[in-house]
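Next comes query.pdb, a file with PDB, C-alpha atoms, pLDDT in the B column.
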```pdb
MODEL        1
ATOM      1  CA  LYS A   3      -0.469  21.852  86.707  1.00 75.00           C
ATOM      2  CA  GLU A   4      -3.644  20.347  85.295  1.00 77.00           C
ATOM      3  CA  LEU A   5      -2.361  20.963  81.751  1.00 78.00           C
ATOM      4  CA  GLY A   6       1.031  19.440  82.550  1.00 76.00           C
ATOM      5  CA  LEU A   7       2.936  22.701  82.086  1.00 81.00           C
ATOM      6  CA  ASP A   8       6.166  23.545  83.862  1.00 80.00           C
ATOM      7  CA  ALA A   9       6.652  27.062  85.205  1.00 78.00           C
ATOM      8  CA  GLU A  10       9.221  27.803  82.459  1.00 82.00           C
ATOM      9  CA  ASP A  11       7.036  26.524  79.626  1.00 88.00           C
ATOM     10  CA  VAL A  12       5.518  28.940  77.152  1.00 95.00           C
ATOM     11  CA  ALA A  13       2.015  27.652  76.438  1.00 96.00           C
ATOM     12  CA  VAL A  14       1.006  27.961  72.785  1.00 98.00           C
ATOM     13  CA  THR A  15      -2.649  27.098  72.208  1.00 98.00           C
ATOM     14  CA  CYS A  16      -4.741  26.382  69.144  1.00 98.00           C
ATOM     15  CA  VAL A  17      -8.505  26.101  69.579  1.00 98.00           C
ATOM     16  CA  ALA A  18      -9.884  24.617  66.363  1.00 97.00           C
ATOM     17  CA  GLU A  19     -11.765  21.650  64.994  1.00 97.00           C
ATOM     18  CA  PHE A  20      -9.517  19.094  63.321  1.00 98.00           C
ATOM     19  CA  THR A  21     -10.492  19.687  59.689  1.00 97.00           C
ATOM     20  CA  SER A  22      -8.453  20.386  56.563  1.00 97.00           C
ATOM     21  CA  THR A  23      -9.589  24.027  56.701  1.00 96.00           C
ATOM     22  CA  LYS A  24      -7.867  24.558  60.050  1.00 97.00           C
ATOM     23  CA  ASN A  25      -4.584  23.278  58.599  1.00 97.00           C
ATOM     24  CA  HIS A  26      -3.113  21.544  61.668  1.00 98.00           C
ATOM     25  CA  ALA A  27      -0.429  19.795  59.605  1.00 98.00           C
ATOM     26  CA  PHE A  28       1.010  23.212  58.704  1.00 98.00           C
ATOM     27  CA  LEU A  29       0.920  24.269  62.364  1.00 98.00           C
ATOM     28  CA  LEU A  30       2.733  21.100  63.443  1.00 98.00           C
ATOM     29  CA  GLU A  31       5.466  21.699  60.850  1.00 97.00           C
ATOM     30  CA  ALA A  32       5.965  25.250  62.147  1.00 97.00           C
ATOM     31  CA  TRP A  33       6.008  23.956  65.725  1.00 97.00           C
ATOM     32  CA  ARG A  34       8.663  21.383  64.832  1.00 97.00           C
ATOM     33  CA  ILE A  35      10.894  24.148  63.395  1.00 96.00           C
ATOM     34  CA  ALA A  36      10.357  26.291  66.508  1.00 96.00           C
ATOM     35  CA  THR A  37      11.220  23.472  68.914  1.00 95.00           C
ATOM     36  CA  GLU A  38      14.421  22.726  66.999  1.00 94.00           C
ATOM     37  CA  GLN A  39      15.620  26.121  68.230  1.00 92.00           C
ATOM     38  CA  GLY A  40      15.629  24.791  71.791  1.00 86.00           C
ATOM     39  CA  VAL A  41      12.812  26.885  73.229  1.00 85.00           C
ATOM     40  CA  ARG A  42      10.774  25.675  76.195  1.00 86.00           C
ATOM     41  CA  GLY A  43       7.130  25.352  75.365  1.00 91.00           C
ATOM     42  CA  GLN A  44       4.091  23.184  74.912  1.00 94.00           C
ATOM     43  CA  LEU A  45       1.681  23.222  71.989  1.00 97.00           C
ATOM     44  CA  LEU A  46      -1.848  22.648  73.301  1.00 97.00           C
ATOM     45  CA  LEU A  47      -4.354  21.539  70.676  1.00 98.00           C
ATOM     46  CA  VAL A  48      -7.924  22.040  71.856  1.00 98.00           C
ATOM     47  CA  GLY A  49     -10.710  20.500  69.802  1.00 97.00           C
ATOM     48  CA  ASP A  50     -11.866  17.352  68.113  1.00 97.00           C
ATOM     49  CA  GLY A  51     -12.718  16.321  64.577  1.00 97.00           C
ATOM     50  CA  ARG A  52     -12.229  13.731  61.901  1.00 97.00           C
ATOM     51  CA  LEU A  53      -8.515  14.544  61.376  1.00 98.00           C
ATOM     52  CA  ARG A  54      -7.503  14.421  65.024  1.00 98.00           C
ATOM     53  CA  GLU A  55      -6.283  10.830  64.875  1.00 98.00           C
ATOM     54  CA  THR A  56      -4.301  11.604  61.698  1.00 98.00           C
ATOM     55  CA  MET A  57      -2.573  14.522  63.463  1.00 98.00           C
ATOM     56  CA  GLU A  58      -1.838  12.375  66.531  1.00 98.00           C
ATOM     57  CA  GLN A  59      -0.241   9.789  64.251  1.00 98.00           C
ATOM     58  CA  LYS A  60       1.816  12.509  62.561  1.00 98.00           C
ATOM     59  CA  VAL A  61       3.108  13.741  65.933  1.00 98.00           C
ATOM     60  CA  ASN A  62       4.028  10.212  67.035  1.00 97.00           C
ATOM     61  CA  LYS A  63       5.540   9.064  63.742  1.00 97.00           C
ATOM     62  CA  GLU A  64       7.581  12.240  63.197  1.00 97.00           C
ATOM     63  CA  ARG A  65       8.394  12.633  66.902  1.00 96.00           C
ATOM     64  CA  ILE A  66       7.254  16.234  67.060  1.00 97.00           C
ATOM     65  CA  PRO A  67       7.979  17.193  70.670  1.00 95.00           C
ATOM     66  CA  ARG A  68       5.826  18.792  73.340  1.00 94.00           C
ATOM     67  CA  VAL A  69       2.419  18.556  71.667  1.00 96.00           C
ATOM     68  CA  ARG A  70      -0.655  17.837  73.789  1.00 95.00           C
ATOM     69  CA  PHE A  71      -4.061  16.932  72.382  1.00 97.00           C
ATOM     70  CA  LEU A  72      -6.656  18.167  74.869  1.00 96.00           C
ATOM     71  CA  GLY A  73      -9.762  17.162  72.914  1.00 96.00           C
ATOM     72  CA  PHE A  74     -13.100  18.890  73.179  1.00 96.00           C
ATOM     73  CA  ARG A  75     -13.171  21.169  76.229  1.00 95.00           C
ATOM     74  CA  ARG A  76     -15.820  23.260  77.924  1.00 94.00           C
ATOM     75  CA  ASP A  77     -13.231  25.299  79.853  1.00 93.00           C
ATOM     76  CA  VAL A  78     -11.572  27.153  76.973  1.00 94.00           C
ATOM     77  CA  PRO A  79     -11.534  30.497  78.851  1.00 93.00           C
ATOM     78  CA  ARG A  80      -9.569  28.823  81.684  1.00 92.00           C
ATOM     79  CA  ILE A  81      -7.150  27.287  79.203  1.00 94.00           C
ATOM     80  CA  LEU A  82      -6.641  30.670  77.558  1.00 94.00           C
ATOM     81  CA  GLN A  83      -5.783  32.188  80.930  1.00 92.00           C
ATOM     82  CA  ALA A  84      -2.930  29.663  81.225  1.00 92.00           C
ATOM     83  CA  THR A  85      -1.858  30.359  77.631  1.00 96.00           C
ATOM     84  CA  ASP A  86       0.909  32.697  76.488  1.00 97.00           C
ATOM     85  CA  ILE A  87       0.312  32.701  72.718  1.00 98.00           C
ATOM     86  CA  VAL A  88      -2.719  31.687  70.635  1.00 98.00           C
ATOM     87  CA  VAL A  89      -2.238  30.329  67.128  1.00 98.00           C
ATOM     88  CA  LEU A  90      -4.534  29.677  64.183  1.00 98.00           C
ATOM     89  CA  SER A  91      -3.245  28.270  60.893  1.00 98.00           C
ATOM     90  CA  SER A  92      -6.481  28.260  58.862  1.00 97.00           C
ATOM     91  CA  ARG A  93      -6.639  28.168  55.092  1.00 96.00           C
ATOM     92  CA  TRP A  94      -9.669  30.486  55.289  1.00 95.00           C
ATOM     93  CA  GLU A  95     -11.924  31.947  57.972  1.00 94.00           C
ATOM     94  CA  GLY A  96     -15.088  33.911  58.556  1.00 89.00           C
ATOM     95  CA  LEU A  97     -14.510  35.894  61.735  1.00 89.00           C
ATOM     96  CA  PRO A  98     -12.636  33.406  63.930  1.00 93.00           C
ATOM     97  CA  ARG A  99     -14.131  33.131  67.378  1.00 92.00           C
ATOM     98  CA  SER A 100     -10.984  31.565  68.831  1.00 94.00           C
ATOM     99  CA  VAL A 101      -8.988  34.655  67.839  1.00 95.00           C
ATOM    100  CA  MET A 102     -11.627  36.943  69.340  1.00 94.00           C
ATOM    101  CA  GLU A 103     -11.514  34.944  72.593  1.00 94.00           C
ATOM    102  CA  ALA A 104      -7.715  35.075  72.598  1.00 95.00           C
ATOM    103  CA  MET A 105      -7.690  38.836  72.171  1.00 96.00           C
ATOM    104  CA  ALA A 106     -10.352  39.293  74.862  1.00 94.00           C
ATOM    105  CA  SER A 107      -8.059  37.273  77.157  1.00 94.00           C
ATOM    106  CA  GLY A 108      -5.147  39.589  76.395  1.00 96.00           C
ATOM    107  CA  LYS A 109      -3.138  37.045  74.407  1.00 97.00           C
ATOM    108  CA  PRO A 110      -1.070  37.761  71.291  1.00 98.00           C
ATOM    109  CA  VAL A 111      -1.964  35.819  68.163  1.00 98.00           C
ATOM    110  CA  VAL A 112       0.111  34.159  65.453  1.00 98.00           C
ATOM    111  CA  ALA A 113      -2.081  33.286  62.489  1.00 98.00           C
ATOM    112  CA  THR A 114      -2.173  32.855  58.753  1.00 98.00           C
ATOM    113  CA  ASP A 115      -2.976  36.022  56.825  1.00 97.00           C
ATOM    114  CA  VAL A 116      -6.453  35.125  55.614  1.00 97.00           C
ATOM    115  CA  ARG A 117      -9.710  37.063  55.384  1.00 94.00           C
ATOM    116  CA  GLY A 118     -11.467  37.300  58.728  1.00 93.00           C
ATOM    117  CA  THR A 119      -8.339  36.777  60.786  1.00 95.00           C
ATOM    118  CA  ARG A 120      -6.671  39.831  59.249  1.00 95.00           C
ATOM    119  CA  ASP A 121      -9.764  41.855  60.185  1.00 93.00           C
ATOM    120  CA  LEU A 122      -8.987  41.146  63.824  1.00 95.00           C
ATOM    121  CA  VAL A 123      -5.207  40.843  64.132  1.00 96.00           C
ATOM    122  CA  GLU A 124      -3.044  43.820  63.228  1.00 95.00           C
ATOM    123  CA  HIS A 125       0.315  42.490  62.050  1.00 97.00           C
ATOM    124  CA  GLY A 126       3.165  43.529  64.294  1.00 96.00           C
ATOM    125  CA  VAL A 127       0.775  45.252  66.715  1.00 97.00           C
ATOM    126  CA  SER A 128      -1.563  42.685  68.297  1.00 96.00           C
ATOM    127  CA  GLY A 129       0.159  39.635  66.848  1.00 97.00           C
ATOM    128  CA  PHE A 130       1.744  38.341  63.677  1.00 98.00           C
ATOM    129  CA  LEU A 131       0.131  37.336  60.395  1.00 98.00           C
ATOM    130  CA  THR A 132       2.078  35.080  58.067  1.00 97.00           C
ATOM    131  CA  LYS A 133       1.558  34.122  54.468  1.00 97.00           C
ATOM    132  CA  LEU A 134      -0.467  30.952  54.013  1.00 95.00           C
ATOM    133  CA  GLY A 135       1.950  28.107  53.301  1.00 94.00           C
ATOM    134  CA  HIS A 136       5.028  29.955  54.608  1.00 97.00           C
ATOM    135  CA  VAL A 137       5.867  27.561  57.418  1.00 97.00           C
ATOM    136  CA  GLU A 138       9.221  29.182  58.234  1.00 97.00           C
ATOM    137  CA  GLY A 139       7.540  32.567  58.618  1.00 97.00           C
ATOM    138  CA  PHE A 140       4.987  31.101  61.004  1.00 98.00           C
ATOM    139  CA  ALA A 141       7.770  29.444  63.021  1.00 97.00           C
ATOM    140  CA  ASP A 142       9.753  32.699  63.127  1.00 97.00           C
ATOM    141  CA  ALA A 143       6.721  34.605  64.433  1.00 97.00           C
ATOM    142  CA  LEU A 144       6.238  31.969  67.129  1.00 97.00           C
ATOM    143  CA  LEU A 145       9.886  32.178  68.133  1.00 97.00           C
ATOM    144  CA  ARG A 146       9.770  35.967  68.395  1.00 96.00           C
ATOM    145  CA  LEU A 147       6.904  35.772  70.872  1.00 97.00           C
ATOM    146  CA  ILE A 148       8.197  32.739  72.767  1.00 96.00           C
ATOM    147  CA  ARG A 149      11.512  34.512  73.383  1.00 95.00           C
ATOM    148  CA  ASN A 150      10.046  37.897  74.280  1.00 96.00           C
ATOM    149  CA  PRO A 151       7.617  38.022  77.252  1.00 96.00           C
ATOM    150  CA  ALA A 152       7.427  41.833  77.109  1.00 97.00           C
ATOM    151  CA  LEU A 153       6.343  41.716  73.462  1.00 98.00           C
ATOM    152  CA  ARG A 154       3.696  39.113  74.313  1.00 97.00           C
ATOM    153  CA  GLU A 155       2.355  41.344  77.065  1.00 97.00           C
ATOM    154  CA  ARG A 156       2.305  44.461  74.895  1.00 97.00           C
ATOM    155  CA  MET A 157       0.608  42.776  71.936  1.00 97.00           C
ATOM    156  CA  GLY A 158      -1.908  41.090  74.218  1.00 97.00           C
ATOM    157  CA  GLN A 159      -2.931  44.413  75.751  1.00 96.00           C
ATOM    158  CA  VAL A 160      -3.380  46.012  72.321  1.00 96.00           C
ATOM    159  CA  GLY A 161      -5.520  43.074  71.209  1.00 95.00           C
ATOM    160  CA  ARG A 162      -7.688  43.318  74.318  1.00 93.00           C
ATOM    161  CA  GLU A 163      -8.374  46.992  73.612  1.00 92.00           C
ATOM    162  CA  LYS A 164      -9.152  46.364  69.937  1.00 91.00           C
ATOM    163  CA  ILE A 165     -11.572  43.508  70.553  1.00 90.00           C
ATOM    164  CA  ARG A 166     -13.806  45.701  72.728  1.00 82.00           C
ATOM    165  CA  ALA A 167     -15.260  47.013  69.468  1.00 76.00           C
ATOM    166  CA  TYR A 168     -16.706  43.509  68.952  1.00 66.00           C
ATOM    167  CA  SER A 169     -18.276  43.158  72.412  1.00 53.00           C
ATOM    168  CA  VAL A 170     -21.932  42.154  72.617  1.00 44.00           C
ATOM    169  CA  ASP A 171     -22.831  45.433  74.335  1.00 52.00           C
ATOM    170  CA  ARG A 172     -21.150  47.453  71.585  1.00 51.00           C
ATOM    171  CA  VAL A 173     -22.827  45.458  68.807  1.00 46.00           C
ATOM    172  CA  ILE A 174     -26.249  45.813  70.473  1.00 52.00           C
ATOM    173  CA  GLN A 175     -25.723  49.556  70.846  1.00 55.00           C
ATOM    174  CA  GLU A 176     -24.778  49.938  67.172  1.00 50.00           C
ATOM    175  CA  MET A 177     -27.740  47.819  66.036  1.00 55.00           C
ATOM    176  CA  SER A 178     -30.081  49.900  68.219  1.00 60.00           C
ATOM    177  CA  GLU A 179     -28.748  53.077  66.616  1.00 60.00           C
ATOM    178  CA  ILE A 180     -29.243  51.661  63.124  1.00 65.00           C
ATOM    179  CA  TYR A 181     -32.806  50.507  63.861  1.00 64.00           C
ATOM    180  CA  GLY A 182     -33.524  53.773  65.668  1.00 67.00           C
ATOM    181  CA  CYS A 183     -32.406  55.749  62.639  1.00 70.00           C
ATOM    182  CA  TYR A 184     -34.784  53.922  60.296  1.00 69.00           C
ATOM    183  CA  LEU A 185     -37.684  53.718  62.743  1.00 68.00           C
ATOM    184  CA  GLY A 186     -37.227  57.406  63.478  1.00 66.00           C
ATOM    185  CA  ARG A 187     -37.547  58.215  59.781  1.00 55.00           C
ATOM    186  CA  ASN A 188     -40.782  56.250  59.599  1.00 51.00           C
ATOM    187  CA  ARG A 189     -42.198  58.145  62.551  1.00 50.00           C
ATOM    188  CA  ALA A 190     -41.179  61.413  60.922  1.00 50.00           C
ATOM    189  CA  GLY A 191     -43.471  60.967  57.980  1.00 49.00           C
ATOM    190  CA  ARG A 192     -42.379  58.025  55.891  1.00 51.00           C
ATOM    191  CA  PRO A 193     -44.830  55.176  56.098  1.00 50.00           C
ATOM    192  CA  GLY A 194     -43.391  52.104  57.759  1.00 49.00           C
ATOM    193  CA  ARG A 195     -44.054  48.611  56.599  1.00 49.00           C
ATOM    194  CA  HIS A 196     -46.875  48.075  59.099  1.00 47.00           C
ATOM    195  CA  ASP A 197     -48.323  51.643  59.117  1.00 44.00           C
TER
ENDMDL
END
```

Please re-express this file's structure in structure tokens.
Amino acid sequence: KELGLDAEDVAVTCVAEFTSTKNHAFLLEAWRIATEQGVRGQLLLVGDGRLRETMEQKVNKERIPRVRFLGFRRDVPRILQATDIVVLSSRWEGLPRSVMEAMASGKPVVATDVRGTRDLVEHGVSGFLTKLGHVEGFADALLRLIRNPALRERMGQVGREKIRAYSVDRVIQEMSEIYGCYLGRNRAGRPGRHD
């Protein structure tokens, strides 16, 4: 209710700063194509940045329907719980935190097939990856998930399982094993740096 969603709406959420790297114009074009197919949904854009006003003007001028600009939020985990699909249309990425958060929340992802994102999302398994610049492909992937709640659920569960490998506890354990291996060697006879 707080987000203005109807019970029948499929909530599609993008959490990203409004910069050219995050490629919101591409996302809005794909959303326009998807909405022309008559699906019920809302595109929730979470974040702020220097291009936000430009994107708001684009939505108004081109009358792209059912887009909500939520601005900077401190309750992203709550928003993700109300979300059905998470999207990211970046031109490039490191290891996108928004995708990791989406997967941890059990949400399927539609994203551009760029380094970093492809390390997290397995195409056709935990979400869909589309070629950068292929707006119709991105729209088609969105439509497949919007129209298929069972597929959303299945992909979300797979993503949740996969992202456990990136949990803080798992990373700490692996780092401890790595340090333990080298410190153990030093204790076994190789002089350490401070010995």

- Spatial sel., origin (0.6, 39.3, 68.4), limit 8 Å, all atoms listed in the file, listed as a list in words: Ile87, Lys109, Pro110, Val111, Val112, Val123, Glu124, His125, Gly126, Val127, Ser128, Gly129, Phe130, Leu147, Arg154, Met157, Gly158 and Gly161 of chain A

Would you output that residue set with C-alpha atoms, as an mmCIF file, in the coordinates of the input?
```cif
data_model
loop_
_atom_site.group_PDB
_atom_site.id
_atom_site.type_symbol
_atom_site.label_atom_id
_atom_site.label_comp_id
_atom_site.auth_asym_id
_atom_site.auth_seq_id
_atom_site.Cartn_x
_atom_site.Cartn_y
_atom_site.Cartn_z
ATOM 1 C CA ILE A 87 0.312 32.701 72.718
ATOM 2 C CA LYS A 109 -3.138 37.045 74.407
ATOM 3 C CA PRO A 110 -1.070 37.761 71.291
ATOM 4 C CA VAL A 111 -1.964 35.819 68.163
ATOM 5 C CA VAL A 112 0.111 34.159 65.453
ATOM 6 C CA VAL A 123 -5.207 40.843 64.132
ATOM 7 C CA GLU A 124 -3.044 43.820 63.228
ATOM 8 C CA HIS A 125 0.315 42.490 62.050
ATOM 9 C CA GLY A 126 3.165 43.529 64.294
ATOM 10 C CA VAL A 127 0.775 45.252 66.715
ATOM 11 C CA SER A 128 -1.563 42.685 68.297
ATOM 12 C CA GLY A 129 0.159 39.635 66.848
ATOM 13 C CA PHE A 130 1.744 38.341 63.677
ATOM 14 C CA LEU A 147 6.904 35.772 70.872
ATOM 15 C CA ARG A 154 3.696 39.113 74.313
ATOM 16 C CA MET A 157 0.608 42.776 71.936
ATOM 17 C CA GLY A 158 -1.908 41.090 74.218
ATOM 18 C CA GLY A 161 -5.520 43.074 71.209
#
```

- Item | Shortest interatomic distance to Arg146 of chain A - which of A:Ser92, A:Thr56, A:Thr21, A:Gln39, counting all atoms listed in the file |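 Using all atoms listed in the file, Arg146 of chain A sits closest to A:Gln39.
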
- Task: Identify which of the residues A:Ala167, A:Ser91, A:Leu82, A:Asp50 lies closest to Val137 of chain A, counting all atoms listed in the file when measuring atom-to-atom distances.
- Result: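 Of A:Ala167, A:Ser91, A:Leu82, A:Asp50, the one nearest Val137 of chain A is A:Ser91, counting all atoms listed in the file.
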
- Gap from atom CA of Ala32 of chain A to atom CA of Leu7 of chain A - Å, one decimal: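 So the answer is 20.3 Å.
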
- Task: Take atom CA of Phe71 of chain A and atom CA of Asp86 of chain A and report the distance between them in Å, one decimal.
- Result: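 Result for atom CA of Phe71 of chain A versus atom CA of Asp86 of chain A: 17.0 Å, one decimal.
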
- Query: Nearest to Ala104 of chain A among A:Thr132, A:Gln159, A:Ser22, A:Gln44, with distances taken over only C-alpha atoms: which residue is it?
  - Reply: A:Gln159

- Dig up all the protein and nucleic acid residues within 7 Å of (9.0, 23.7, 61.1) in the file frame, using all atoms listed in the file, and format them as a PyMOL selection string. chain A and resi 31-36+137-138+141

- Query: Just how far from atom CA of Arg117 of chain A is atom CA of Glu155 of chain A, in Å to one decimal?
  - Reply: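 Result for atom CA of Glu155 of chain A versus atom CA of Arg117 of chain A: 25.2 Å, one decimal.
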
Centre and edge lengths, as lines of an AutoDock Vina configuration file, for the axis-aligned box enclosing every listed atom of segment 95-114 of chain A with 4 Å of padding on each of the six sides, in Å to one decimal?
```
center_x = -7.5
center_y = 35.6
center_z = 67.6
size_x = 23.2
size_y = 16.0
size_z = 27.2
```

- Which residue of A:Glu38, A:Glu19, A:Glu4, A:Glu10 approaches Ser100 of chain A most closely, using all atoms listed in the file: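 Using all atoms listed in the file, the shortest distance to Ser100 of chain A belongs to A:Glu19.
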